[in-house]
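Peer 1: I am sharing model.txt, which consists of compact mmCIF, N, CA and C atoms:
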# COMPACT_ATOMS: atom_id res chain seq x y z
N MET F 1 -5.31 6.24 6.94
CA MET F 1 -4.81 5.45 8.06
C MET F 1 -3.49 4.80 7.68
N GLY F 2 -2.61 4.65 8.64
CA GLY F 2 -1.34 3.99 8.41
C GLY F 2 -1.17 2.80 9.32
N PHE F 3 0.04 2.35 9.43
CA PHE F 3 0.35 1.17 10.24
C PHE F 3 0.09 1.42 11.72
N SER F 4 -0.43 0.40 12.38
CA SER F 4 -0.46 0.34 13.84
C SER F 4 -0.21 -1.12 14.23
N ALA F 5 0.43 -1.32 15.37
CA ALA F 5 0.84 -2.67 15.79
C ALA F 5 -0.35 -3.63 15.76
N GLY F 6 -0.08 -4.82 15.24
CA GLY F 6 -1.11 -5.84 15.11
C GLY F 6 -0.82 -7.07 15.95
N ASP F 7 -1.47 -8.16 15.61
CA ASP F 7 -1.37 -9.42 16.32
C ASP F 7 -0.29 -10.29 15.67
N LEU F 8 0.76 -10.57 16.42
CA LEU F 8 1.91 -11.33 15.91
C LEU F 8 1.51 -12.71 15.39
N LYS F 9 0.70 -13.44 16.14
CA LYS F 9 0.30 -14.80 15.74
C LYS F 9 -0.56 -14.79 14.47
N LYS F 10 -1.47 -13.84 14.38
CA LYS F 10 -2.29 -13.73 13.16
C LYS F 10 -1.41 -13.36 11.97
N GLY F 11 -0.41 -12.52 12.20
CA GLY F 11 0.53 -12.16 11.15
C GLY F 11 1.34 -13.35 10.68
N GLU F 12 1.76 -14.19 11.62
CA GLU F 12 2.51 -15.39 11.26
C GLU F 12 1.65 -16.32 10.41
N LYS F 13 0.39 -16.47 10.78
CA LYS F 13 -0.51 -17.32 10.00
C LYS F 13 -0.70 -16.76 8.59
N LEU F 14 -0.86 -15.44 8.48
CA LEU F 14 -0.98 -14.82 7.16
C LEU F 14 0.27 -15.07 6.32
N PHE F 15 1.44 -14.91 6.94
CA PHE F 15 2.67 -15.15 6.20
C PHE F 15 2.72 -16.59 5.70
N THR F 16 2.40 -17.53 6.57
CA THR F 16 2.46 -18.95 6.21
C THR F 16 1.51 -19.27 5.05
N THR F 17 0.31 -18.70 5.07
CA THR F 17 -0.69 -19.05 4.06
C THR F 17 -0.60 -18.20 2.80
N ARG F 18 -0.08 -16.98 2.89
CA ARG F 18 -0.12 -16.07 1.75
C ARG F 18 1.25 -15.69 1.17
N CYS F 19 2.33 -15.89 1.94
CA CYS F 19 3.63 -15.36 1.52
C CYS F 19 4.76 -16.40 1.43
N ALA F 20 4.70 -17.41 2.30
CA ALA F 20 5.83 -18.34 2.45
C ALA F 20 6.14 -19.14 1.19
N GLN F 21 5.15 -19.30 0.31
CA GLN F 21 5.43 -20.05 -0.91
C GLN F 21 6.42 -19.31 -1.83
N CYS F 22 6.54 -17.98 -1.64
CA CYS F 22 7.42 -17.19 -2.50
C CYS F 22 8.58 -16.51 -1.78
N HIS F 23 8.51 -16.38 -0.46
CA HIS F 23 9.52 -15.61 0.28
C HIS F 23 10.07 -16.40 1.47
N THR F 24 11.37 -16.16 1.78
CA THR F 24 11.99 -16.69 2.98
C THR F 24 12.18 -15.55 3.98
N LEU F 25 12.45 -15.90 5.23
CA LEU F 25 12.56 -14.91 6.30
C LEU F 25 13.94 -14.83 6.94
N LYS F 26 14.63 -15.94 7.06
CA LYS F 26 15.86 -16.00 7.85
C LYS F 26 17.11 -15.74 7.00
N ASP F 27 18.11 -15.20 7.64
CA ASP F 27 19.39 -14.93 7.00
C ASP F 27 19.94 -16.22 6.40
N GLY F 28 20.36 -16.14 5.16
CA GLY F 28 20.97 -17.28 4.51
C GLY F 28 20.02 -18.24 3.82
N GLU F 29 18.71 -18.03 3.96
CA GLU F 29 17.75 -18.94 3.31
C GLU F 29 17.64 -18.68 1.80
N GLY F 30 18.03 -17.52 1.35
CA GLY F 30 18.07 -17.23 -0.08
C GLY F 30 16.72 -16.86 -0.67
N ASN F 31 16.76 -16.56 -1.95
CA ASN F 31 15.57 -16.15 -2.70
C ASN F 31 14.79 -17.36 -3.19
N LYS F 32 13.50 -17.16 -3.34
CA LYS F 32 12.63 -18.16 -3.95
C LYS F 32 12.05 -17.51 -5.20
N ILE F 33 10.76 -17.66 -5.44
CA ILE F 33 10.10 -16.95 -6.54
C ILE F 33 10.19 -15.45 -6.30
N GLY F 34 10.10 -15.06 -5.02
CA GLY F 34 10.28 -13.67 -4.60
C GLY F 34 11.57 -13.53 -3.83
N PRO F 35 11.99 -12.29 -3.57
CA PRO F 35 13.25 -12.07 -2.86
C PRO F 35 13.16 -12.47 -1.39
N ALA F 36 14.31 -12.80 -0.82
CA ALA F 36 14.41 -13.07 0.62
C ALA F 36 14.03 -11.81 1.39
N LEU F 37 13.33 -11.98 2.49
CA LEU F 37 12.85 -10.84 3.26
C LEU F 37 13.71 -10.52 4.49
N HIS F 38 14.73 -11.34 4.77
CA HIS F 38 15.60 -11.03 5.91
C HIS F 38 16.21 -9.64 5.72
N GLY F 39 16.15 -8.80 6.75
CA GLY F 39 16.70 -7.45 6.65
C GLY F 39 15.81 -6.49 5.87
N LEU F 40 14.53 -6.82 5.75
CA LEU F 40 13.59 -6.03 4.95
C LEU F 40 13.49 -4.58 5.40
N PHE F 41 13.34 -4.34 6.69
CA PHE F 41 13.10 -2.98 7.18
C PHE F 41 14.37 -2.14 7.05
N GLY F 42 14.24 -1.01 6.39
CA GLY F 42 15.38 -0.13 6.13
C GLY F 42 16.06 -0.38 4.80
N ARG F 43 15.61 -1.38 4.06
CA ARG F 43 16.20 -1.73 2.77
C ARG F 43 15.48 -0.97 1.65
N LYS F 44 16.19 -0.65 0.59
CA LYS F 44 15.59 -0.01 -0.57
C LYS F 44 14.95 -1.05 -1.49
N THR F 45 13.92 -0.64 -2.21
CA THR F 45 13.28 -1.53 -3.18
C THR F 45 14.31 -1.99 -4.21
N GLY F 46 14.15 -3.24 -4.64
CA GLY F 46 14.99 -3.77 -5.72
C GLY F 46 16.44 -3.97 -5.36
N SER F 47 16.75 -4.29 -4.10
CA SER F 47 18.17 -4.31 -3.71
C SER F 47 18.68 -5.64 -3.14
N VAL F 48 17.90 -6.70 -3.19
CA VAL F 48 18.39 -7.99 -2.66
C VAL F 48 19.33 -8.61 -3.69
N GLU F 49 20.54 -8.89 -3.23
CA GLU F 49 21.56 -9.46 -4.11
C GLU F 49 21.11 -10.81 -4.66
N GLY F 50 21.30 -10.99 -5.96
CA GLY F 50 20.99 -12.27 -6.59
C GLY F 50 19.56 -12.43 -7.02
N TYR F 51 18.70 -11.43 -6.76
CA TYR F 51 17.31 -11.52 -7.18
C TYR F 51 17.11 -10.67 -8.44
N SER F 52 16.37 -11.21 -9.40
CA SER F 52 16.14 -10.51 -10.67
C SER F 52 14.86 -9.67 -10.58
N TYR F 53 15.03 -8.40 -10.26
CA TYR F 53 13.90 -7.47 -10.13
C TYR F 53 13.52 -6.86 -11.47
N THR F 54 12.29 -6.40 -11.56
CA THR F 54 11.88 -5.59 -12.70
C THR F 54 12.50 -4.20 -12.56
N ASP F 55 12.60 -3.48 -13.67
CA ASP F 55 13.08 -2.11 -13.61
C ASP F 55 12.19 -1.26 -12.70
N ALA F 56 10.89 -1.53 -12.72
CA ALA F 56 9.95 -0.76 -11.89
C ALA F 56 10.32 -0.88 -10.41
N ASN F 57 10.66 -2.07 -9.97
CA ASN F 57 11.05 -2.27 -8.57
C ASN F 57 12.37 -1.57 -8.26
N LYS F 58 13.33 -1.70 -9.14
CA LYS F 58 14.64 -1.08 -8.92
C LYS F 58 14.53 0.45 -8.89
N GLN F 59 13.66 0.99 -9.71
CA GLN F 59 13.56 2.44 -9.85
C GLN F 59 12.60 3.09 -8.87
N LYS F 60 11.80 2.33 -8.14
CA LYS F 60 10.84 2.91 -7.19
C LYS F 60 11.56 3.77 -6.14
N GLY F 61 12.69 3.28 -5.66
CA GLY F 61 13.55 4.08 -4.81
C GLY F 61 13.02 4.42 -3.43
N ILE F 62 12.13 3.61 -2.89
CA ILE F 62 11.67 3.88 -1.53
C ILE F 62 12.35 2.92 -0.56
N GLU F 63 12.29 3.27 0.70
CA GLU F 63 12.83 2.42 1.75
C GLU F 63 11.67 1.68 2.41
N TRP F 64 11.84 0.37 2.59
CA TRP F 64 10.80 -0.41 3.24
C TRP F 64 10.76 -0.10 4.73
N ASN F 65 9.59 0.31 5.19
CA ASN F 65 9.33 0.52 6.60
C ASN F 65 7.86 0.18 6.84
N GLU F 66 7.38 0.37 8.03
CA GLU F 66 6.01 0.00 8.36
C GLU F 66 4.99 0.69 7.46
N ASP F 67 5.19 1.98 7.21
CA ASP F 67 4.20 2.73 6.42
C ASP F 67 4.26 2.41 4.93
N THR F 68 5.47 2.25 4.37
CA THR F 68 5.54 1.90 2.95
C THR F 68 5.00 0.49 2.72
N LEU F 69 5.29 -0.43 3.63
CA LEU F 69 4.74 -1.78 3.50
C LEU F 69 3.22 -1.78 3.65
N PHE F 70 2.70 -0.97 4.55
CA PHE F 70 1.25 -0.90 4.76
C PHE F 70 0.55 -0.51 3.45
N THR F 71 1.10 0.46 2.75
CA THR F 71 0.52 0.90 1.48
C THR F 71 0.75 -0.14 0.39
N TYR F 72 1.97 -0.64 0.28
CA TYR F 72 2.34 -1.61 -0.75
C TYR F 72 1.49 -2.88 -0.66
N LEU F 73 1.35 -3.41 0.54
CA LEU F 73 0.67 -4.70 0.70
C LEU F 73 -0.83 -4.64 0.42
N GLU F 74 -1.39 -3.45 0.36
CA GLU F 74 -2.81 -3.33 0.00
C GLU F 74 -3.01 -3.68 -1.47
N ASN F 75 -2.09 -3.23 -2.32
CA ASN F 75 -2.20 -3.47 -3.75
C ASN F 75 -0.81 -3.27 -4.39
N PRO F 76 0.03 -4.32 -4.38
CA PRO F 76 1.40 -4.18 -4.87
C PRO F 76 1.52 -3.63 -6.29
N LYS F 77 0.64 -4.07 -7.19
CA LYS F 77 0.74 -3.63 -8.59
C LYS F 77 0.35 -2.17 -8.77
N LYS F 78 -0.46 -1.64 -7.86
CA LYS F 78 -0.80 -0.22 -7.90
C LYS F 78 0.36 0.62 -7.34
N TYR F 79 0.98 0.14 -6.27
CA TYR F 79 2.07 0.87 -5.63
C TYR F 79 3.33 0.87 -6.48
N ILE F 80 3.62 -0.26 -7.11
CA ILE F 80 4.77 -0.36 -8.02
C ILE F 80 4.28 -0.92 -9.35
N PRO F 81 3.73 -0.05 -10.22
CA PRO F 81 3.29 -0.52 -11.53
C PRO F 81 4.47 -1.16 -12.27
N GLY F 82 4.26 -2.37 -12.78
CA GLY F 82 5.32 -3.08 -13.48
C GLY F 82 6.02 -4.12 -12.62
N THR F 83 5.66 -4.22 -11.34
CA THR F 83 6.25 -5.26 -10.50
C THR F 83 5.80 -6.63 -11.00
N LYS F 84 6.64 -7.63 -10.77
CA LYS F 84 6.24 -8.98 -11.18
C LYS F 84 5.60 -9.75 -10.03
N MET F 85 5.44 -9.09 -8.88
CA MET F 85 4.80 -9.76 -7.75
C MET F 85 3.35 -10.05 -8.10
N ALA F 86 3.00 -11.33 -8.08
CA ALA F 86 1.66 -11.77 -8.51
C ALA F 86 0.64 -11.77 -7.38
N PHE F 87 0.98 -11.20 -6.26
CA PHE F 87 0.11 -11.17 -5.09
C PHE F 87 -0.91 -10.04 -5.23
N GLY F 88 -2.18 -10.36 -5.03
CA GLY F 88 -3.25 -9.38 -5.20
C GLY F 88 -3.37 -8.37 -4.08
N GLY F 89 -2.75 -8.63 -2.94
CA GLY F 89 -2.77 -7.69 -1.83
C GLY F 89 -3.68 -8.12 -0.69
N LEU F 90 -3.54 -7.41 0.41
CA LEU F 90 -4.37 -7.62 1.60
C LEU F 90 -5.20 -6.36 1.78
N LYS F 91 -6.49 -6.45 1.53
CA LYS F 91 -7.35 -5.28 1.53
C LYS F 91 -7.68 -4.77 2.93
N LYS F 92 -7.69 -5.66 3.92
CA LYS F 92 -8.06 -5.26 5.29
C LYS F 92 -6.86 -4.65 6.02
N ASP F 93 -7.08 -3.47 6.60
CA ASP F 93 -6.03 -2.82 7.38
C ASP F 93 -5.49 -3.75 8.47
N ALA F 94 -6.38 -4.45 9.16
CA ALA F 94 -5.96 -5.34 10.25
C ALA F 94 -5.03 -6.44 9.75
N ASP F 95 -5.31 -7.00 8.59
CA ASP F 95 -4.44 -8.04 8.04
C ASP F 95 -3.05 -7.49 7.75
N ARG F 96 -3.00 -6.30 7.16
CA ARG F 96 -1.70 -5.70 6.86
C ARG F 96 -0.95 -5.37 8.15
N ASN F 97 -1.64 -4.85 9.14
CA ASN F 97 -1.00 -4.56 10.43
C ASN F 97 -0.45 -5.83 11.07
N ASN F 98 -1.22 -6.90 11.04
CA ASN F 98 -0.78 -8.17 11.62
C ASN F 98 0.44 -8.72 10.89
N LEU F 99 0.41 -8.71 9.57
CA LEU F 99 1.53 -9.23 8.78
C LEU F 99 2.79 -8.40 9.02
N ILE F 100 2.68 -7.10 9.01
CA ILE F 100 3.84 -6.22 9.22
C ILE F 100 4.40 -6.42 10.62
N THR F 101 3.54 -6.56 11.62
CA THR F 101 3.99 -6.81 12.99
C THR F 101 4.81 -8.11 13.04
N PHE F 102 4.33 -9.14 12.36
CA PHE F 102 5.09 -10.39 12.29
C PHE F 102 6.42 -10.19 11.55
N LEU F 103 6.39 -9.50 10.42
CA LEU F 103 7.61 -9.30 9.63
C LEU F 103 8.66 -8.50 10.39
N GLN F 104 8.24 -7.56 11.22
CA GLN F 104 9.19 -6.80 12.03
C GLN F 104 10.07 -7.74 12.85
N LYS F 105 9.46 -8.73 13.44
CA LYS F 105 10.20 -9.66 14.29
C LYS F 105 10.92 -10.73 13.46
N ALA F 106 10.24 -11.26 12.48
CA ALA F 106 10.75 -12.43 11.74
C ALA F 106 11.87 -12.12 10.76
N THR F 107 12.01 -10.86 10.34
CA THR F 107 13.00 -10.54 9.32
C THR F 107 14.23 -9.85 9.88
N SER F 108 14.27 -9.66 11.19
CA SER F 108 15.42 -8.95 11.78
C SER F 108 16.48 -9.91 12.28
Rewrite the coordinates I just gave you, this time as structure tokens.
Peer 2:
Amino acid sequence: MGFSAGDLKKGEKLFTTRCAQCHTLKDGEGNKIGPALHGLFGRKTGSVEGYSYTDANKQKGIEWNEDTLFTYLENPKKYIPGTKMAFGGLKKDADRNNLITFLQKATS
């Protein structure tokens, strides 16, 4: 199974409780513990200016889109072995769909 549109409000709540402590969404907010997510869709892994990525992230060479995020967010350390992202992942398909649906709007 891959991405399918989810619930925007549930995605926003997931972002607030699981992601906001490490990531920003809006242009110009800058990096935190994790890279800024503004402009996420269509961007290559390891490419946010001013963020110190692991070699694993820089070398993964994929483009972030709904399907790559759907797989990545289930288990980041499995998808990019060597990443420093300390997030354990979202195991439920619905949670990942909701979060990605929110990110589509919030990061553009």
Peer 1: Select, from F:Asp7, F:Gly2, F:Tyr51, F:Asp67, the residue with the minimum atom-to-atom distance to Thr101 (chain F), counting only N, CA and C atoms.
Peer 2: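 Smallest distance to Thr101 (chain F) is found for F:Asp7.
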Peer 1: List the neighbours of Lys32 (chain F) out to 10 Å using only C-alpha atoms; skip same-chain residues closer than 4 positions along the sequence, and give me the result as a list in words.
Peer 2: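 Neighbouring residues, sequence-local ones excluded: Ala20, Gln21, Cys22, His23, Thr24, Ala36 and Tyr51 of chain F.
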Peer 1: If we count only N, CA and C atoms and set the cut-off at 6 Å, which residues sit around Thr107 (chain F), ignoring sequence neighbours fewer than 5 positions away in its own chain? Please answer as a VMD selection string.
Peer 2: chain F and resid 25 37 to 40 102
Peer 1: Measure the distance from CA of Thr16 (chain F) to atom C of Asp95 (chain F) in Å and round it to one decimal.
Peer 2: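 Going from CA of Thr16 (chain F) over to atom C of Asp95 (chain F) covers 12.8 Å.
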Peer 1: Mind the document's chain letters and residue numbers, and return as number ranges by chain the residues of chain F that DSSP labels alpha helix (DSSP H).
Peer 2: F: 8-18, 55-60, 66-72, 76-79, 93-106
Peer 1: Identify, on the basis of only N, CA and C atoms, every residue whose closest approach to Phe70 (chain F) does not exceed 6.5 Å; exclude the query and any residue fewer than 3 positions from it along the same chain; express the result as number ranges by chain.
Peer 2: F: 2-3, 65-67, 73-74, 96
Peer 1: Name the closest residue to Asn57 (chain F) among the candidates F:Ile100, F:Ile80, F:Ala5, F:Ala106; distances are taken between atoms, counting all atoms listed in the file.
Peer 2: F:Ile80
Peer 1: How many Å separate atom C of Lys91 (chain F) from atom N of Glu49 (chain F)?
Peer 2: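 About the pair atom C of Lys91 (chain F) and atom N of Glu49 (chain F): they are 29.2 Å apart.
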Peer 1: Can you work out the spacing between CA of Pro81 (chain F) and atom C of Glu29 (chain F) in Å, to one decimal?
Peer 2: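 Going from CA of Pro81 (chain F) over to atom C of Glu29 (chain F), I get 26.7 Å.
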Peer 1: For Ala56 (chain F), which of F:Cys19, F:Leu8, F:Met85, F:Leu103 is the closest residue, counting only C-alpha atoms?
Peer 2: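 Ranking F:Cys19, F:Leu8, F:Met85, F:Leu103 by distance to Ala56 (chain F), first place goes to F:Met85.
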Peer 1: Scan for residues within 5 Å of the point (2.2, -13.8, 11.1) in the coordinates of the file, using all atoms listed in the file, and reply as a PyMOL selection string.
Peer 2: chain F and resi 8-15+102
Peer 1: Which is closest to Tyr79 (chain F) among F:Thr45, F:Asn31, F:Ser4, F:Thr17, if we use only C-alpha atoms?
Peer 2: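 The answer is F:Thr45, which sits nearest to Tyr79 (chain F).
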Peer 1: Take region 75-97 of chain F, model N, CA, C and O atoms, and hand the result over as a PDB file, in the frame of the given file.
Peer 2:
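out_8.pdb written:
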ATOM      1  N   ASN F  75      -2.090  -3.230  -2.320  1.00  0.00           N
ATOM      2  CA  ASN F  75      -2.200  -3.470  -3.750  1.00  0.00           C
ATOM      3  C   ASN F  75      -0.810  -3.270  -4.390  1.00  0.00           C
ATOM      4  O   ASN F  75      -0.501  -2.186  -4.877  1.00  0.00           O
ATOM      5  N   PRO F  76       0.030  -4.320  -4.380  1.00  0.00           N
ATOM      6  CA  PRO F  76       1.400  -4.180  -4.870  1.00  0.00           C
ATOM      7  C   PRO F  76       1.520  -3.630  -6.290  1.00  0.00           C
ATOM      8  O   PRO F  76       2.378  -2.803  -6.574  1.00  0.00           O
ATOM      9  N   LYS F  77       0.640  -4.070  -7.190  1.00  0.00           N
ATOM     10  CA  LYS F  77       0.740  -3.630  -8.590  1.00  0.00           C
ATOM     11  C   LYS F  77       0.350  -2.170  -8.770  1.00  0.00           C
ATOM     12  O   LYS F  77       0.778  -1.519  -9.716  1.00  0.00           O
ATOM     13  N   LYS F  78      -0.460  -1.640  -7.860  1.00  0.00           N
ATOM     14  CA  LYS F  78      -0.800  -0.220  -7.900  1.00  0.00           C
ATOM     15  C   LYS F  78       0.360   0.620  -7.340  1.00  0.00           C
ATOM     16  O   LYS F  78       0.689   1.670  -7.881  1.00  0.00           O
ATOM     17  N   TYR F  79       0.980   0.140  -6.270  1.00  0.00           N
ATOM     18  CA  TYR F  79       2.070   0.870  -5.630  1.00  0.00           C
ATOM     19  C   TYR F  79       3.330   0.870  -6.480  1.00  0.00           C
ATOM     20  O   TYR F  79       4.034   1.871  -6.537  1.00  0.00           O
ATOM     21  N   ILE F  80       3.620  -0.260  -7.110  1.00  0.00           N
ATOM     22  CA  ILE F  80       4.770  -0.360  -8.020  1.00  0.00           C
ATOM     23  C   ILE F  80       4.280  -0.920  -9.350  1.00  0.00           C
ATOM     24  O   ILE F  80       4.366  -2.122  -9.603  1.00  0.00           O
ATOM     25  N   PRO F  81       3.730  -0.050 -10.220  1.00  0.00           N
ATOM     26  CA  PRO F  81       3.290  -0.520 -11.530  1.00  0.00           C
ATOM     27  C   PRO F  81       4.470  -1.160 -12.270  1.00  0.00           C
ATOM     28  O   PRO F  81       5.563  -0.594 -12.324  1.00  0.00           O
ATOM     29  N   GLY F  82       4.260  -2.370 -12.780  1.00  0.00           N
ATOM     30  CA  GLY F  82       5.320  -3.080 -13.480  1.00  0.00           C
ATOM     31  C   GLY F  82       6.020  -4.120 -12.620  1.00  0.00           C
ATOM     32  O   GLY F  82       6.876  -4.849 -13.119  1.00  0.00           O
ATOM     33  N   THR F  83       5.660  -4.220 -11.340  1.00  0.00           N
ATOM     34  CA  THR F  83       6.250  -5.260 -10.500  1.00  0.00           C
ATOM     35  C   THR F  83       5.800  -6.630 -11.000  1.00  0.00           C
ATOM     36  O   THR F  83       4.728  -6.769 -11.578  1.00  0.00           O
ATOM     37  N   LYS F  84       6.640  -7.630 -10.770  1.00  0.00           N
ATOM     38  CA  LYS F  84       6.240  -8.980 -11.180  1.00  0.00           C
ATOM     39  C   LYS F  84       5.600  -9.750 -10.030  1.00  0.00           C
ATOM     40  O   LYS F  84       5.225 -10.903 -10.183  1.00  0.00           O
ATOM     41  N   MET F  85       5.440  -9.090  -8.880  1.00  0.00           N
ATOM     42  CA  MET F  85       4.800  -9.760  -7.750  1.00  0.00           C
ATOM     43  C   MET F  85       3.350 -10.050  -8.100  1.00  0.00           C
ATOM     44  O   MET F  85       2.568  -9.143  -8.371  1.00  0.00           O
ATOM     45  N   ALA F  86       3.000 -11.330  -8.080  1.00  0.00           N
ATOM     46  CA  ALA F  86       1.660 -11.770  -8.510  1.00  0.00           C
ATOM     47  C   ALA F  86       0.640 -11.770  -7.380  1.00  0.00           C
ATOM     48  O   ALA F  86      -0.460 -12.260  -7.551  1.00  0.00           O
ATOM     49  N   PHE F  87       0.980 -11.200  -6.260  1.00  0.00           N
ATOM     50  CA  PHE F  87       0.110 -11.170  -5.090  1.00  0.00           C
ATOM     51  C   PHE F  87      -0.910 -10.040  -5.230  1.00  0.00           C
ATOM     52  O   PHE F  87      -0.548  -8.898  -5.490  1.00  0.00           O
ATOM     53  N   GLY F  88      -2.180 -10.360  -5.030  1.00  0.00           N
ATOM     54  CA  GLY F  88      -3.250  -9.380  -5.200  1.00  0.00           C
ATOM     55  C   GLY F  88      -3.370  -8.370  -4.080  1.00  0.00           C
ATOM     56  O   GLY F  88      -4.025  -7.346  -4.233  1.00  0.00           O
ATOM     57  N   GLY F  89      -2.750  -8.630  -2.940  1.00  0.00           N
ATOM     58  CA  GLY F  89      -2.770  -7.690  -1.830  1.00  0.00           C
ATOM     59  C   GLY F  89      -3.680  -8.120  -0.690  1.00  0.00           C
ATOM     60  O   GLY F  89      -4.460  -9.048  -0.804  1.00  0.00           O
ATOM     61  N   LEU F  90      -3.540  -7.410   0.410  1.00  0.00           N
ATOM     62  CA  LEU F  90      -4.370  -7.620   1.600  1.00  0.00           C
ATOM     63  C   LEU F  90      -5.200  -6.360   1.780  1.00  0.00           C
ATOM     64  O   LEU F  90      -4.673  -5.300   2.117  1.00  0.00           O
ATOM     65  N   LYS F  91      -6.490  -6.450   1.530  1.00  0.00           N
ATOM     66  CA  LYS F  91      -7.350  -5.280   1.530  1.00  0.00           C
ATOM     67  C   LYS F  91      -7.680  -4.770   2.930  1.00  0.00           C
ATOM     68  O   LYS F  91      -7.909  -3.583   3.132  1.00  0.00           O
ATOM     69  N   LYS F  92      -7.690  -5.660   3.920  1.00  0.00           N
ATOM     70  CA  LYS F  92      -8.060  -5.260   5.290  1.00  0.00           C
ATOM     71  C   LYS F  92      -6.860  -4.650   6.020  1.00  0.00           C
ATOM     72  O   LYS F  92      -5.788  -5.258   6.067  1.00  0.00           O
ATOM     73  N   ASP F  93      -7.080  -3.470   6.600  1.00  0.00           N
ATOM     74  CA  ASP F  93      -6.030  -2.820   7.380  1.00  0.00           C
ATOM     75  C   ASP F  93      -5.490  -3.750   8.470  1.00  0.00           C
ATOM     76  O   ASP F  93      -4.271  -3.832   8.670  1.00  0.00           O
ATOM     77  N   ALA F  94      -6.380  -4.450   9.160  1.00  0.00           N
ATOM     78  CA  ALA F  94      -5.960  -5.340  10.250  1.00  0.00           C
ATOM     79  C   ALA F  94      -5.030  -6.440   9.750  1.00  0.00           C
ATOM     80  O   ALA F  94      -4.037  -6.756  10.426  1.00  0.00           O
ATOM     81  N   ASP F  95      -5.310  -7.000   8.590  1.00  0.00           N
ATOM     82  CA  ASP F  95      -4.440  -8.040   8.040  1.00  0.00           C
ATOM     83  C   ASP F  95      -3.050  -7.490   7.750  1.00  0.00           C
ATOM     84  O   ASP F  95      -2.042  -8.127   8.057  1.00  0.00           O
ATOM     85  N   ARG F  96      -3.000  -6.300   7.160  1.00  0.00           N
ATOM     86  CA  ARG F  96      -1.700  -5.700   6.860  1.00  0.00           C
ATOM     87  C   ARG F  96      -0.950  -5.370   8.150  1.00  0.00           C
ATOM     88  O   ARG F  96       0.257  -5.614   8.253  1.00  0.00           O
ATOM     89  N   ASN F  97      -1.640  -4.850   9.140  1.00  0.00           N
ATOM     90  CA  ASN F  97      -1.000  -4.560  10.430  1.00  0.00           C
ATOM     91  C   ASN F  97      -0.450  -5.830  11.070  1.00  0.00           C
ATOM     92  O   ASN F  97       0.677  -5.838  11.587  1.00  0.00           O
TER      93      ASN F  97
END
